[in-house]
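my_file-v4.cif, holding mmCIF, C-alpha atoms:
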data_my_file
loop_
_atom_site.label_atom_id
_atom_site.label_comp_id
_atom_site.auth_asym_id
_atom_site.auth_seq_id
_atom_site.Cartn_x
_atom_site.Cartn_y
_atom_site.Cartn_z
CA MET A 3 -0.57 -8.87 -11.06
CA SER A 4 -3.66 -7.11 -9.79
CA PRO A 5 -4.82 -3.66 -10.86
CA THR A 6 -3.38 -0.65 -9.07
CA THR A 7 -6.07 2.00 -9.42
CA GLY A 8 -9.80 2.30 -9.01
CA GLU A 9 -11.02 -1.25 -9.35
CA ILE A 10 -11.42 -4.32 -7.20
CA PRO A 11 -10.16 -7.48 -8.93
CA GLU A 12 -12.83 -9.95 -10.00
CA GLY A 13 -14.01 -12.34 -7.32
CA PHE A 14 -13.17 -10.16 -4.32
CA GLY A 15 -15.98 -9.39 -1.89
CA PRO A 16 -16.39 -8.30 1.72
CA ILE A 17 -13.80 -9.97 3.93
CA LEU A 18 -14.73 -13.48 5.01
CA ARG A 19 -14.70 -12.69 8.73
CA SER A 20 -15.07 -9.20 10.11
CA SER A 21 -14.67 -7.49 13.48
CA PRO A 22 -15.66 -4.13 14.96
CA VAL A 23 -12.38 -2.51 13.89
CA LEU A 24 -12.67 -3.83 10.33
CA GLU A 25 -16.28 -2.65 10.17
CA ALA A 26 -15.17 0.82 11.31
CA LEU A 27 -12.40 1.02 8.70
CA GLY A 28 -14.42 -0.65 5.93
CA GLY A 29 -13.22 -1.91 2.58
CA PHE A 30 -11.28 -5.03 3.61
CA MET A 31 -11.87 -7.65 0.89
CA SER A 32 -11.09 -11.31 0.29
CA ARG A 33 -11.51 -14.08 -2.24
CA GLY A 34 -10.76 -17.77 -2.28
CA GLU A 35 -10.28 -20.15 0.59
CA GLY A 36 -7.69 -22.44 2.12
CA PRO A 37 -4.25 -21.94 0.60
CA ASP A 38 -5.83 -19.78 -2.13
CA LEU A 39 -7.23 -17.13 0.25
CA GLU A 40 -6.31 -13.59 -0.85
CA VAL A 41 -6.87 -10.35 1.07
CA GLY A 42 -6.85 -6.80 -0.24
CA LEU A 43 -8.12 -3.26 0.19
CA LEU A 44 -9.27 -0.51 -2.17
CA VAL A 45 -7.96 2.62 -0.45
CA GLY A 46 -10.86 4.93 0.38
CA PRO A 47 -11.28 8.27 2.13
CA ASN A 48 -11.68 6.63 5.55
CA HIS A 49 -8.19 5.08 5.25
CA LEU A 50 -6.29 8.35 4.88
CA ASN A 51 -4.01 10.40 7.11
CA ALA A 52 -4.10 14.21 7.37
CA ARG A 53 -1.87 14.53 4.27
CA GLY A 54 -4.26 12.52 2.08
CA GLY A 55 -2.21 9.31 1.90
CA LEU A 56 -2.91 5.86 3.30
CA HIS A 57 -2.49 5.92 7.09
CA GLY A 58 0.32 3.76 8.46
CA GLY A 59 -2.03 2.29 11.05
CA VAL A 60 -4.31 1.01 8.28
CA ILE A 61 -1.30 -0.60 6.58
CA ALA A 62 -0.33 -2.31 9.85
CA THR A 63 -3.92 -3.46 10.45
CA LEU A 64 -4.25 -4.82 6.91
CA LEU A 65 -0.97 -6.75 7.16
CA ASP A 66 -1.85 -8.16 10.60
CA VAL A 67 -5.40 -9.19 9.69
CA ALA A 68 -4.55 -10.58 6.25
CA THR A 69 -1.56 -12.58 7.47
CA GLY A 70 -3.56 -14.04 10.34
CA TYR A 71 -6.55 -14.91 8.17
CA MET A 72 -4.34 -16.53 5.54
CA LEU A 73 -2.59 -18.65 8.18
CA VAL A 74 -5.94 -19.77 9.61
CA ALA A 75 -7.17 -20.67 6.11
CA ARG A 76 -4.00 -22.63 5.27
CA SER A 77 -4.02 -24.53 8.57
CA GLY A 78 -7.63 -25.67 8.41
CA GLY A 79 -8.86 -23.29 11.10
CA LYS A 80 -6.04 -23.20 13.67
CA ARG A 81 -6.48 -19.88 15.51
CA ARG A 82 -3.60 -17.68 16.58
CA VAL A 83 -3.16 -14.31 18.27
CA THR A 84 -0.65 -11.65 17.30
CA ALA A 85 2.28 -11.41 19.70
CA ARG A 86 4.45 -9.03 17.67
CA LEU A 87 4.05 -7.09 14.43
CA THR A 88 6.96 -5.38 12.71
CA VAL A 89 6.20 -3.26 9.66
CA ASP A 90 8.73 -1.77 7.28
CA TYR A 91 7.04 0.98 5.25
CA ARG A 92 8.47 1.23 1.72
CA SER A 93 6.13 3.59 -0.15
CA GLY A 94 2.79 5.32 0.25
CA ALA A 95 -0.60 4.74 -1.30
CA LYS A 96 -3.36 7.11 -2.42
CA PRO A 97 -7.15 6.87 -2.60
CA GLY A 98 -8.34 4.50 -5.30
CA GLU A 99 -5.29 2.20 -5.21
CA TRP A 100 -5.88 -1.52 -4.90
CA LEU A 101 -3.57 -3.11 -2.31
CA GLN A 102 -3.03 -6.81 -1.88
CA VAL A 103 -1.23 -8.82 0.80
CA TYR A 104 1.04 -11.72 -0.16
CA LEU A 105 2.09 -14.26 2.45
CA ASP A 106 5.66 -15.16 1.51
CA ARG A 107 6.43 -17.75 4.16
CA ALA A 108 5.52 -18.97 7.62
CA GLU A 109 7.75 -20.90 10.00
CA GLU A 110 6.17 -22.86 12.85
CA ASP A 111 8.01 -23.67 16.07
CA GLY A 112 5.80 -25.24 18.72
CA ARG A 113 3.05 -22.75 19.62
CA LYS A 114 4.74 -19.95 17.65
CA THR A 115 4.41 -19.07 13.98
CA LEU A 116 6.57 -16.39 12.38
CA ALA A 117 5.02 -15.12 9.15
CA HIS A 118 6.49 -12.80 6.53
CA ALA A 119 4.22 -10.84 4.18
CA ARG A 120 4.29 -8.05 1.59
CA LEU A 121 1.72 -5.38 0.80
CA MET A 122 1.73 -4.53 -2.89
CA SER A 123 0.09 -1.96 -5.15
CA GLY A 124 0.51 -3.67 -8.50
CA GLU A 125 4.28 -4.17 -8.86
CA ARG A 126 5.14 -1.56 -6.20
CA LEU A 127 6.06 -2.63 -2.68
CA VAL A 128 4.13 -0.59 -0.10
CA ALA A 129 5.22 -2.41 3.08
CA GLU A 130 6.70 -5.60 4.44
CA ALA A 131 5.78 -7.27 7.71
CA SER A 132 7.05 -9.86 10.09
CA VAL A 133 4.30 -11.16 12.37
CA LEU A 134 4.78 -13.46 15.33
CA PHE A 135 1.63 -15.41 16.16
CA ILE A 136 1.01 -17.63 19.19
CA ASP A 137 -1.55 -20.43 19.12
CA ALA A 138 -4.77 -19.19 20.73
CA ALA A 139 -5.73 -20.81 24.03
CA PRO A 140 -8.65 -23.18 23.70
CA ALA A 141 -12.00 -21.69 24.70
CA LYS A 142 -13.07 -22.54 28.26
CA ASP A 143 -16.61 -23.75 28.86
#
Before anything else, please render the file you have as structure tokens.
Amino acid sequence: MSPTTGEIPEGFGPILRSSPVLEALGGFMSRGEGPDLEVGLLVGPNHLNARGGLHGGVIATLLDVATGYMLVARSGGKRRVTARLTVDYRSGAKPGEWLQVYLDRAEEDGRKTLAHARLMSGERLVAEASVLFIDAAPAKD
């Protein structure tokens, strides 16, 4: 299992593909590719709520982004958009904790993919998510 406090596991670097929201939040990390892609976050001061714990919106964003990126990596680049995200919060997280997303399973049905993921701090479950993705429309010229 990965470390829980103060250190980024070996091989993790800035997330493979960023966006304005991820740039604003900062700290999203990844390593590997294809079915071995992993996504995590070292909780920093910009991820906190007013009580000093990890903000629930950051948890939801991390689960959404990580699950989507892992599906794209496992499918050879097939893009999807989030249609529904359900998060069950199980515990909090504090600054300096390393969090990692684990994609447990994904079920495809036509244009839809339902993915189930966990957010862990070491052995502790922080949150679980169910994410419904729809295949992205092809780009128009």
(message) With the PyMOL selection byres ((chain A and resi 24) around 12) as the selection, what would be picked from this file? Answer as a PyMOL selection string, please.
(response) chain A and resi 16-23+25-31+43+48-49+60+63-64+66-68
Output C-alpha atoms for every residue in the selection just made, as a short mmCIF file (atom, residue, chain, number, x, y, z; two decimals), in the frame of the given file.
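That gives us out.cif:
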data_model
loop_
_atom_site.label_atom_id
_atom_site.label_comp_id
_atom_site.auth_asym_id
_atom_site.auth_seq_id
_atom_site.Cartn_x
_atom_site.Cartn_y
_atom_site.Cartn_z
CA PRO A 16 -16.39 -8.30 1.72
CA ILE A 17 -13.80 -9.97 3.93
CA LEU A 18 -14.73 -13.48 5.01
CA ARG A 19 -14.70 -12.69 8.73
CA SER A 20 -15.07 -9.20 10.11
CA SER A 21 -14.67 -7.49 13.48
CA PRO A 22 -15.66 -4.13 14.96
CA VAL A 23 -12.38 -2.51 13.89
CA GLU A 25 -16.28 -2.65 10.17
CA ALA A 26 -15.17 0.82 11.31
CA LEU A 27 -12.40 1.02 8.70
CA GLY A 28 -14.42 -0.65 5.93
CA GLY A 29 -13.22 -1.91 2.58
CA PHE A 30 -11.28 -5.03 3.61
CA MET A 31 -11.87 -7.65 0.89
CA LEU A 43 -8.12 -3.26 0.19
CA ASN A 48 -11.68 6.63 5.55
CA HIS A 49 -8.19 5.08 5.25
CA VAL A 60 -4.31 1.01 8.28
CA THR A 63 -3.92 -3.46 10.45
CA LEU A 64 -4.25 -4.82 6.91
CA ASP A 66 -1.85 -8.16 10.60
CA VAL A 67 -5.40 -9.19 9.69
CA ALA A 68 -4.55 -10.58 6.25
#
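Distance-wise, CA of Pro97 (chain A) and CA of Arg120 (chain A) end up 19.3 Å apart.
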(request) Check which residues satisfy the PyMOL selection byres ((chain A and resi 40-42) around 10) in the file shown, then give them as a PyMOL selection string. (result) chain A and resi 10-11+14-18+29-39+43-45+64-65+67-69+71-72+75+100-105+121-123
(message) Which residues are close to Leu87 (chain A), i.e. within 10 Å by all atoms listed in the file, leaving aside same-chain residues fewer than 6 positions away? Reply as an NGL selection string.
(response) :A and (62-63 or 65-66 or 116-117 or 131-135)
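Interatomic distance, CA of Arg76 (chain A) to CA of Gly13 (chain A): 19.1 Å.
Relative to CA of Gly59 (chain A), CA of Ala139 (chain A) is found at 26.8 Å.
Shortest separation to Gly70 (chain A) among A:Arg82, A:Ala52, A:Asp111, A:Gly58 occurs at residue A:Arg82, atoms counted being only C-alpha atoms.
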(message) Need the shell around Ser93 (chain A): protein/DNA/RNA residues with any atom at most 10 Å away, counting all atoms listed in the file. Skip same-chain ones fewer than 5 positions apart. Format as a ChimeraX atom specification?
(response) /A:56,122-123,126-129
(request) Would you list the contacts of Lys114 (chain A) as a list in words, taking every protein, DNA or RNA residue within 12 Å and counting only C-alpha atoms, but skipping same-chain residues closer than 5 positions in sequence? (result) Lys80, Arg81, Arg82, Val83, Thr84, Ala85, Arg86, Ala108, Glu109, Val133, Leu134, Phe135, Ile136, Asp137 and Ala138 of chain A
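In this comparison, which uses all atoms listed in the file, the residue of A:Gly124, A:Pro47, A:Gly112, A:Gly79 approaching Lys96 (chain A) most closely is A:Pro47.
Ranking A:Glu99, A:Glu130, A:Glu12, A:Glu110 by their shortest atom-to-atom distance to Ile61 (chain A), with all atoms listed in the file included, puts A:Glu130 first.
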